[in-house]
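Have a look at the structure below, then the notes.
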Amino acid sequence: MSKGINNAQNKRTNRSLYDNEDGPAHILQTNDEDGTNKYKWENKFEKTWLVDIDEDEHGLKPSNQEERKTRNRRLKAADGQLGQDQRVRRGMQRHLCLILDLSKTLSNQDLKPSRYQVLLQNVELFIKEFFDQNPISQLSIIITKNSKAERISELSGNPLRHIQAMKDAIAMEGEPSIQNSLEVALSSLCYVPKYGSREVLFIFSSLTTCDPSSLHKTIQSLKNELIRVSFIHMAAELYICKYIAEQTNGTSKVILNEEHFNESLMLKCQPPPTIGKTEAALVEMGFPQQITSTVPSPCICHEKMKYSGYICPRCGVKSCELPTDCQICNLSLVSSPHLARSYHHLFQIPLFNEVNWKELNKNVTCIGCLSSSEKSILSLFFSCPRCEEIFCLDCDLFIHESLHNCPGCENKLQNTNNTNNNNNSNGKTNINGNEITNGNGFH
């Protein structure tokens with residue numbers, strides 16, 4: 001009796017499954033053309049040879065993962081331009097103290113080949129990129145180990161000197177000290193002029209800190225001097241580090257891998273917005289010329305006899321490198337290309353808009369490298385909102401990261417200037433005796 005009841009219930013259940021067309025994908029369907037029962041997911045694989053398959057130039061189907069990677073590259077590059085539509089005041093002269101945690105935790109091999117090697121490689125790249133984008137800024141390196149802090153290079157604009165000092169430092173000893181490191185940085189930045197930004201970048205590798213006293217007094221001193229402190233953690237984040245960054249308007253980040261560590265460092269190359277109300281001030285600068293003589297003379301920076309150098313226009317003292325401050329008259333010595341390259345942070349290029357050329361059903365060509373969408377269906381193209389010229393992804397990243405000028409906008413500006421000059425020359429009048437004619441020769 002119970003067996004008959006179960007069979008009847010199964011028939012009713014199966015009939016409800018067959019009649020329900022809007023159910024899940026595992027429910028059988030009976031409304032097929034051939035009268036057979038099929039699952040919903042089986043309908044997706046009918047006559048697949050009639051479906052158009054997108055292929056690249058090698059006849060292979062592209063991976064969606066590669067497209068996501070290319071999009072992520074551009075999104076990461078755009079992180080440094082957040083708030084570009086707003087009027088943000090930034091400091092052109094930056095004074096940065098780079099603090100390196102050279103404790104015993106650098107021997108860990110969670111980053112390959114080790115934290116120490118990854119730290120040296122990426123910090124060296126950061127120093128070169130920092131002075132490339134901020135040529136009139138200055139940097140100092142401070143190391144912390146054995147619960148102490150030591151300044152291994154003074155504030156200067158020579159990247160080679162900082163890199164060599166970092167490589168000569170002996171690493172992986174004892175515990176770090178956050179308070180001692182910040183006190184050393186505070187002693188250097190408190191004498192910096194108010195018109196220059198004051199920043200501290202702390203690369204922290206440990207999970208502990210050995211401090212002589214409470215950090216609250218140090219934090220208050222940093223706030224009074226308008227010093228911004230940011231942390232990049234090679235291990236887990238500490239609450240005290242996050243608290244210091246929040247109190248000083250800095251940032252605190254934890255790296256995921258070697259690539260993310262490099263990206264986090266490169267984001268610090270762009271000057272941050274100024275803190276508080278900074279009064280505008282006129283800064284005296286000298287633009288010395290490089291002079292090479294047959295007789296060597298001493299330089300003021302190294303106290304060595306050298307044949308070439310830059311002569312201070314105020315006091316006539318020789319310096320080896322630019323930019324720098326004259327040690328006799330304290331005049332800022334820079335070159336005009338350095339000053340021009342510092343302006344691109346103030347007048348940033350807007351982010352380009354992505355062009356969906358697949359929906360437009362037309363091929364587009366990059367005006368920078370002349371690459372076309374016909375070569376690869378994975379290509380991403382972007383349009384400048386000002387000149388509406390088309391650029392590929394590589395050219396877009398190169399423009400926003402290195403060039404800092406849109407070639408399309410510059411080309412149109414040059415064409416406009418040439419047109420105006422031609423119109424002005426055609427409108428000039430020439431006086432020949434008693435006769436006045438215009439540029440076209442008509443009276």
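We label chains A, B, ... in the order they appear in the structure tokens, count residues from 1 in each chain, and number ligands from 1 in the order shown.
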
- Message: Based on the backbone DSSP call, show me all residues of range 239-322 of chain A assigned strand (DSSP E), as a PyMOL selection string.
- Response: chain A and resi 252-254+285-286+290-298+305-311+318-319

- range 320-423 of chain A: which residues are alpha helix (DSSP H) by DSSP, as a PyMOL selection string? chain A and resi 336-341+357-360+393-398+407-423

- Item | Non-local contacts of range 315-321 of chain A (9 Å; only C-alpha atoms; under 2 positions in same chain excluded) as a list in words |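 Surrounding residues, per the criterion: Gly157, Asn158, Ser297, Pro298, Cys299, Ile300, Cys301, His302, Lys306, Ser308, Gly309, Tyr310, Ile311, Cys312, Pro313, Pro323, Thr324, Cys326, Gln327, Ile328 and Cys329 of chain A.
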
Just to be explicit: take each residue in the selection above, keep all heavy atoms, and write the result as a compact mmCIF listing (two decimals), in the first residue's frame.
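File result-v6.txt, as written:
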```txt
# COMPACT_ATOMS: atom_id res chain seq x y z
N GLY A 157 69.27 66.45 -2.86
CA GLY A 157 68.60 66.08 -4.10
C GLY A 157 69.43 65.17 -4.97
O GLY A 157 69.18 65.10 -6.18
N ASN A 158 70.39 64.44 -4.39
CA ASN A 158 71.25 63.53 -5.15
C ASN A 158 70.77 62.10 -4.93
O ASN A 158 70.99 61.52 -3.86
CB ASN A 158 72.70 63.67 -4.71
CG ASN A 158 73.65 62.89 -5.60
OD1 ASN A 158 73.22 62.16 -6.49
ND2 ASN A 158 74.94 63.06 -5.39
N SER A 297 89.21 73.59 -9.18
CA SER A 297 88.91 74.43 -8.02
C SER A 297 88.05 73.63 -7.05
O SER A 297 87.34 72.71 -7.46
CB SER A 297 88.19 75.71 -8.45
OG SER A 297 86.99 75.41 -9.13
N PRO A 298 88.07 73.95 -5.77
CA PRO A 298 87.33 73.16 -4.79
C PRO A 298 85.83 73.41 -4.87
O PRO A 298 85.37 74.52 -5.14
CB PRO A 298 87.90 73.62 -3.45
CG PRO A 298 88.37 75.02 -3.71
CD PRO A 298 88.86 75.03 -5.13
N CYS A 299 85.05 72.35 -4.66
CA CYS A 299 83.60 72.47 -4.56
C CYS A 299 83.21 72.57 -3.09
O CYS A 299 83.88 71.99 -2.23
CB CYS A 299 82.91 71.28 -5.23
SG CYS A 299 83.15 69.71 -4.39
N ILE A 300 82.13 73.25 -2.82
CA ILE A 300 81.73 73.50 -1.45
C ILE A 300 81.05 72.30 -0.82
O ILE A 300 81.03 72.15 0.39
CB ILE A 300 80.82 74.75 -1.38
CG1 ILE A 300 80.63 75.22 0.05
CG2 ILE A 300 79.48 74.43 -2.05
CD1 ILE A 300 81.90 75.66 0.72
N CYS A 301 80.48 71.41 -1.65
CA CYS A 301 79.71 70.29 -1.11
C CYS A 301 80.60 69.12 -0.69
O CYS A 301 80.36 68.49 0.35
CB CYS A 301 78.67 69.83 -2.13
SG CYS A 301 79.31 69.61 -3.79
N HIS A 302 81.64 68.80 -1.48
CA HIS A 302 82.51 67.66 -1.17
C HIS A 302 83.89 68.08 -0.70
O HIS A 302 84.68 67.25 -0.25
CB HIS A 302 82.65 66.74 -2.38
CG HIS A 302 81.35 66.16 -2.85
ND1 HIS A 302 80.60 66.75 -3.84
CD2 HIS A 302 80.66 65.06 -2.47
CE1 HIS A 302 79.52 66.04 -4.07
NE2 HIS A 302 79.53 65.01 -3.25
N LYS A 306 87.75 69.93 -8.39
CA LYS A 306 87.05 69.44 -9.57
C LYS A 306 87.15 70.48 -10.69
O LYS A 306 87.27 71.69 -10.44
CB LYS A 306 85.58 69.15 -9.25
CG LYS A 306 85.42 67.99 -8.27
CD LYS A 306 83.97 67.56 -8.15
CE LYS A 306 83.83 66.36 -7.24
NZ LYS A 306 82.43 65.90 -7.14
N SER A 308 84.77 70.83 -13.28
CA SER A 308 83.47 71.36 -13.69
C SER A 308 82.56 71.49 -12.48
O SER A 308 82.73 70.79 -11.47
CB SER A 308 82.81 70.45 -14.74
OG SER A 308 82.56 69.17 -14.20
N GLY A 309 81.60 72.38 -12.60
CA GLY A 309 80.64 72.59 -11.52
C GLY A 309 79.70 73.73 -11.86
O GLY A 309 79.78 74.35 -12.93
N TYR A 310 78.80 74.00 -10.93
CA TYR A 310 77.80 75.06 -11.10
C TYR A 310 78.16 76.21 -10.16
O TYR A 310 78.31 76.01 -8.94
CB TYR A 310 76.40 74.53 -10.79
CG TYR A 310 75.96 73.40 -11.69
CD1 TYR A 310 76.19 72.08 -11.34
CD2 TYR A 310 75.33 73.66 -12.90
CE1 TYR A 310 75.79 71.03 -12.17
CE2 TYR A 310 74.93 72.63 -13.74
CZ TYR A 310 75.17 71.33 -13.36
OH TYR A 310 74.77 70.30 -14.19
N ILE A 311 78.30 77.40 -10.73
CA ILE A 311 78.71 78.56 -9.96
C ILE A 311 77.48 79.30 -9.47
O ILE A 311 76.58 79.64 -10.26
CB ILE A 311 79.59 79.49 -10.80
CG1 ILE A 311 80.78 78.71 -11.39
CG2 ILE A 311 80.09 80.65 -9.97
CD1 ILE A 311 81.67 78.06 -10.35
N CYS A 312 77.41 79.54 -8.18
CA CYS A 312 76.28 80.27 -7.59
C CYS A 312 76.27 81.69 -8.13
O CYS A 312 77.31 82.39 -8.06
CB CYS A 312 76.39 80.25 -6.07
SG CYS A 312 75.11 81.21 -5.24
N PRO A 313 75.15 82.17 -8.64
CA PRO A 313 75.11 83.54 -9.19
C PRO A 313 75.20 84.63 -8.13
O PRO A 313 75.44 85.79 -8.46
CB PRO A 313 73.76 83.58 -9.92
CG PRO A 313 72.93 82.56 -9.24
CD PRO A 313 73.87 81.47 -8.81
N PRO A 323 69.41 69.84 -8.19
CA PRO A 323 69.22 71.03 -7.36
C PRO A 323 69.90 70.89 -6.01
O PRO A 323 70.07 69.78 -5.51
CB PRO A 323 67.70 71.12 -7.22
CG PRO A 323 67.26 69.69 -7.28
CD PRO A 323 68.21 68.99 -8.23
N THR A 324 70.24 72.01 -5.41
CA THR A 324 70.86 72.03 -4.10
C THR A 324 70.71 73.42 -3.51
O THR A 324 70.22 74.35 -4.18
CB THR A 324 72.35 71.65 -4.20
OG1 THR A 324 72.90 71.56 -2.90
CG2 THR A 324 73.11 72.68 -5.01
N CYS A 326 72.86 76.48 -1.76
CA CYS A 326 74.22 76.99 -1.59
C CYS A 326 74.55 77.03 -0.09
O CYS A 326 73.80 77.59 0.72
CB CYS A 326 74.34 78.38 -2.20
SG CYS A 326 76.00 79.09 -2.06
N GLN A 327 75.66 76.42 0.27
CA GLN A 327 76.03 76.33 1.68
C GLN A 327 76.60 77.64 2.22
O GLN A 327 76.82 77.76 3.43
CB GLN A 327 77.04 75.20 1.87
CG GLN A 327 76.51 73.84 1.49
CD GLN A 327 77.49 72.72 1.79
OE1 GLN A 327 78.48 72.93 2.48
NE2 GLN A 327 77.22 71.53 1.28
N ILE A 328 76.81 78.62 1.35
CA ILE A 328 77.33 79.91 1.80
C ILE A 328 76.21 80.93 1.97
O ILE A 328 76.06 81.55 3.02
CB ILE A 328 78.39 80.43 0.82
CG1 ILE A 328 79.53 79.43 0.70
CG2 ILE A 328 78.92 81.78 1.27
CD1 ILE A 328 80.27 79.15 1.99
N CYS A 329 75.39 81.10 0.93
CA CYS A 329 74.33 82.13 0.97
C CYS A 329 72.93 81.53 1.07
O CYS A 329 71.94 82.29 1.05
CB CYS A 329 74.43 83.02 -0.26
SG CYS A 329 74.23 82.15 -1.83
```

- Write out as a list in words each polymer residue whose atoms come within 12 Å of Asp168 in chain A, counting only C-alpha atoms; drop sequence neighbours fewer than 4 positions from it.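 Residues near the query, excluding close chain neighbours: Leu120, Ile143, Ile152, Ser153, Arg161, His162, Ile163 and Gln164 of chain A.
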
Same residues, N, CA, C and O atoms, saved as a PDB file, in the first residue's frame:
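Saved file part34.pdb follows:
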```pdb
ATOM      1  N   LEU A 120      65.410  46.524  -0.810  1.00  0.00           N
ATOM      2  CA  LEU A 120      66.481  47.259  -1.476  1.00  0.00           C
ATOM      3  C   LEU A 120      66.126  47.570  -2.930  1.00  0.00           C
ATOM      4  O   LEU A 120      66.320  48.691  -3.409  1.00  0.00           O
ATOM      5  N   ILE A 143      67.360  54.901   9.173  1.00  0.00           N
ATOM      6  CA  ILE A 143      67.193  53.471   9.424  1.00  0.00           C
ATOM      7  C   ILE A 143      66.953  53.261  10.912  1.00  0.00           C
ATOM      8  O   ILE A 143      67.416  54.042  11.753  1.00  0.00           O
ATOM      9  N   ILE A 152      71.255  58.146   7.874  1.00  0.00           N
ATOM     10  CA  ILE A 152      72.397  57.735   7.063  1.00  0.00           C
ATOM     11  C   ILE A 152      72.625  58.664   5.882  1.00  0.00           C
ATOM     12  O   ILE A 152      73.668  58.567   5.219  1.00  0.00           O
ATOM     13  N   SER A 153      71.688  59.548   5.581  1.00  0.00           N
ATOM     14  CA  SER A 153      71.883  60.545   4.525  1.00  0.00           C
ATOM     15  C   SER A 153      71.061  61.780   4.867  1.00  0.00           C
ATOM     16  O   SER A 153      69.917  61.668   5.316  1.00  0.00           O
ATOM     17  N   ARG A 161      73.593  59.371  -4.092  1.00  0.00           N
ATOM     18  CA  ARG A 161      74.125  59.391  -2.730  1.00  0.00           C
ATOM     19  C   ARG A 161      73.213  58.634  -1.776  1.00  0.00           C
ATOM     20  O   ARG A 161      73.693  57.891  -0.893  1.00  0.00           O
ATOM     21  N   HIS A 162      71.912  58.777  -1.925  1.00  0.00           N
ATOM     22  CA  HIS A 162      70.976  58.070  -1.049  1.00  0.00           C
ATOM     23  C   HIS A 162      71.012  56.562  -1.310  1.00  0.00           C
ATOM     24  O   HIS A 162      70.961  55.758  -0.369  1.00  0.00           O
ATOM     25  N   ILE A 163      71.082  56.170  -2.560  1.00  0.00           N
ATOM     26  CA  ILE A 163      71.097  54.740  -2.892  1.00  0.00           C
ATOM     27  C   ILE A 163      72.357  54.075  -2.352  1.00  0.00           C
ATOM     28  O   ILE A 163      72.306  52.969  -1.793  1.00  0.00           O
ATOM     29  N   GLN A 164      73.494  54.738  -2.475  1.00  0.00           N
ATOM     30  CA  GLN A 164      74.739  54.164  -1.975  1.00  0.00           C
ATOM     31  C   GLN A 164      74.727  54.077  -0.453  1.00  0.00           C
ATOM     32  O   GLN A 164      75.201  53.088   0.126  1.00  0.00           O
TER      33      GLN A 164
END
```

- Query: So which residues touch Glu388 in chain A within 10 Å, counting only C-alpha atoms, skipping near sequence neighbours fewer than 4 positions away, as a list in words?
  - Reply: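 Here the qualifying residues turn out to be Phe352, Asn353, Phe382, Ser383, Cys384, Gly408 and Cys409 of chain A.
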
- Hey, which of A:Glu389, A:Thr208, A:Asp101, A:Glu263 ends up closest to Glu173 in chain A? Count only C-alpha atoms.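 Under the stated criterion, the closest residue is A:Asp101.
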
- Item | Å distance separating CA of Glu410 in chain A from CA of Ile136 in chain A, one decimal place |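 It comes out at 25.0 Å.
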
- Nearest to Lys194 in chain A by atom-to-atom distance, counting only C-alpha atoms, from A:Gln93, A:Asn262, A:Asn257, A:Thr105: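 For Lys194 in chain A, the nearest of the given residues is A:Gln93.
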
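Distance annotation: of A:Leu226, A:Leu100, A:Leu339, A:Leu413, the residue with the minimal separation from Ser137 in chain A is A:Leu339; atom set is only C-alpha atoms.
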
- Message: For Lys104 in chain A, find every residue with an atom within 10 Å (counting only C-alpha atoms), except residues of its own chain fewer than 6 positions away, and show them as a list in words.
- Response: Tyr116, Lys145, Asn146, Ala171, Met172, Glu173, Gly174, Glu175, Pro176, Ser205 and Ser206 of chain A

- Neighbours of His338 in chain A within 12 Å (only C-alpha atoms; same-chain residues fewer than 4 positions away dropped), as a ChimeraX atom specification? /A:92-93,131-137,157,285,287,322-324,333-334,342-344

Which residues of range 122-206 of chain A sit at most 12 Å from range 233-247 of chain A, using only C-alpha atoms? Give each one's shortest atom pair and distance in Å (one decimal place), in chain and ascending residue order, as a tab-separated table.
```
residue	atom	partner	partner_atom	distance
A:Ser177	CA	A:Cys241	CA	11.7
A:Ile178	CA	A:Cys241	CA	8.6
A:Gln179	CA	A:Ile244	CA	10.7
A:Leu182	CA	A:Ile244	CA	10.5
A:Glu199	CA	A:Ala245	CA	11.2
A:Val200	CA	A:Ala245	CA	10.0
A:Leu201	CA	A:Ala245	CA	10.1
A:Phe202	CA	A:His233	CA	8.4
A:Ile203	CA	A:His233	CA	6.1
A:Phe204	CA	A:His233	CA	4.9
A:Ser205	CA	A:Met234	CA	4.8
A:Ser206	CA	A:Ala235	CA	6.6
```

Give me a file of those residues, with N, CA and C atoms, as a PDB file, in the first residue's frame.
```pdb
ATOM      1  N   SER A 177      62.278  50.895  16.314  1.00  0.00           N
ATOM      2  CA  SER A 177      61.723  51.859  17.251  1.00  0.00           C
ATOM      3  C   SER A 177      61.013  52.952  16.466  1.00  0.00           C
ATOM      4  N   ILE A 178      59.704  52.994  16.585  1.00  0.00           N
ATOM      5  CA  ILE A 178      58.924  53.989  15.857  1.00  0.00           C
ATOM      6  C   ILE A 178      59.166  55.379  16.422  1.00  0.00           C
ATOM      7  N   GLN A 179      59.192  55.492  17.748  1.00  0.00           N
ATOM      8  CA  GLN A 179      59.323  56.811  18.358  1.00  0.00           C
ATOM      9  C   GLN A 179      60.695  57.432  18.069  1.00  0.00           C
ATOM     10  N   LEU A 182      60.781  58.628  14.435  1.00  0.00           N
ATOM     11  CA  LEU A 182      60.017  59.851  14.202  1.00  0.00           C
ATOM     12  C   LEU A 182      60.685  61.066  14.837  1.00  0.00           C
ATOM     13  N   GLU A 199      57.132  65.570   4.937  1.00  0.00           N
ATOM     14  CA  GLU A 199      56.543  64.232   4.864  1.00  0.00           C
ATOM     15  C   GLU A 199      57.498  63.207   5.437  1.00  0.00           C
ATOM     16  N   VAL A 200      56.912  62.135   5.962  1.00  0.00           N
ATOM     17  CA  VAL A 200      57.650  60.983   6.468  1.00  0.00           C
ATOM     18  C   VAL A 200      57.009  59.732   5.887  1.00  0.00           C
ATOM     19  N   LEU A 201      57.809  58.890   5.265  1.00  0.00           N
ATOM     20  CA  LEU A 201      57.345  57.609   4.734  1.00  0.00           C
ATOM     21  C   LEU A 201      58.074  56.508   5.482  1.00  0.00           C
ATOM     22  N   PHE A 202      57.325  55.702   6.231  1.00  0.00           N
ATOM     23  CA  PHE A 202      57.882  54.655   7.097  1.00  0.00           C
ATOM     24  C   PHE A 202      57.573  53.304   6.469  1.00  0.00           C
ATOM     25  N   ILE A 203      58.614  52.572   6.065  1.00  0.00           N
ATOM     26  CA  ILE A 203      58.450  51.202   5.556  1.00  0.00           C
ATOM     27  C   ILE A 203      58.718  50.269   6.724  1.00  0.00           C
ATOM     28  N   PHE A 204      57.649  49.666   7.234  1.00  0.00           N
ATOM     29  CA  PHE A 204      57.708  48.907   8.482  1.00  0.00           C
ATOM     30  C   PHE A 204      57.576  47.423   8.184  1.00  0.00           C
ATOM     31  N   SER A 205      58.485  46.628   8.773  1.00  0.00           N
ATOM     32  CA  SER A 205      58.519  45.192   8.518  1.00  0.00           C
ATOM     33  C   SER A 205      58.220  44.359   9.742  1.00  0.00           C
ATOM     34  N   SER A 206      58.259  44.941  10.916  1.00  0.00           N
ATOM     35  CA  SER A 206      58.106  44.184  12.155  1.00  0.00           C
ATOM     36  C   SER A 206      56.675  44.269  12.668  1.00  0.00           C
TER      37      SER A 206
END
```
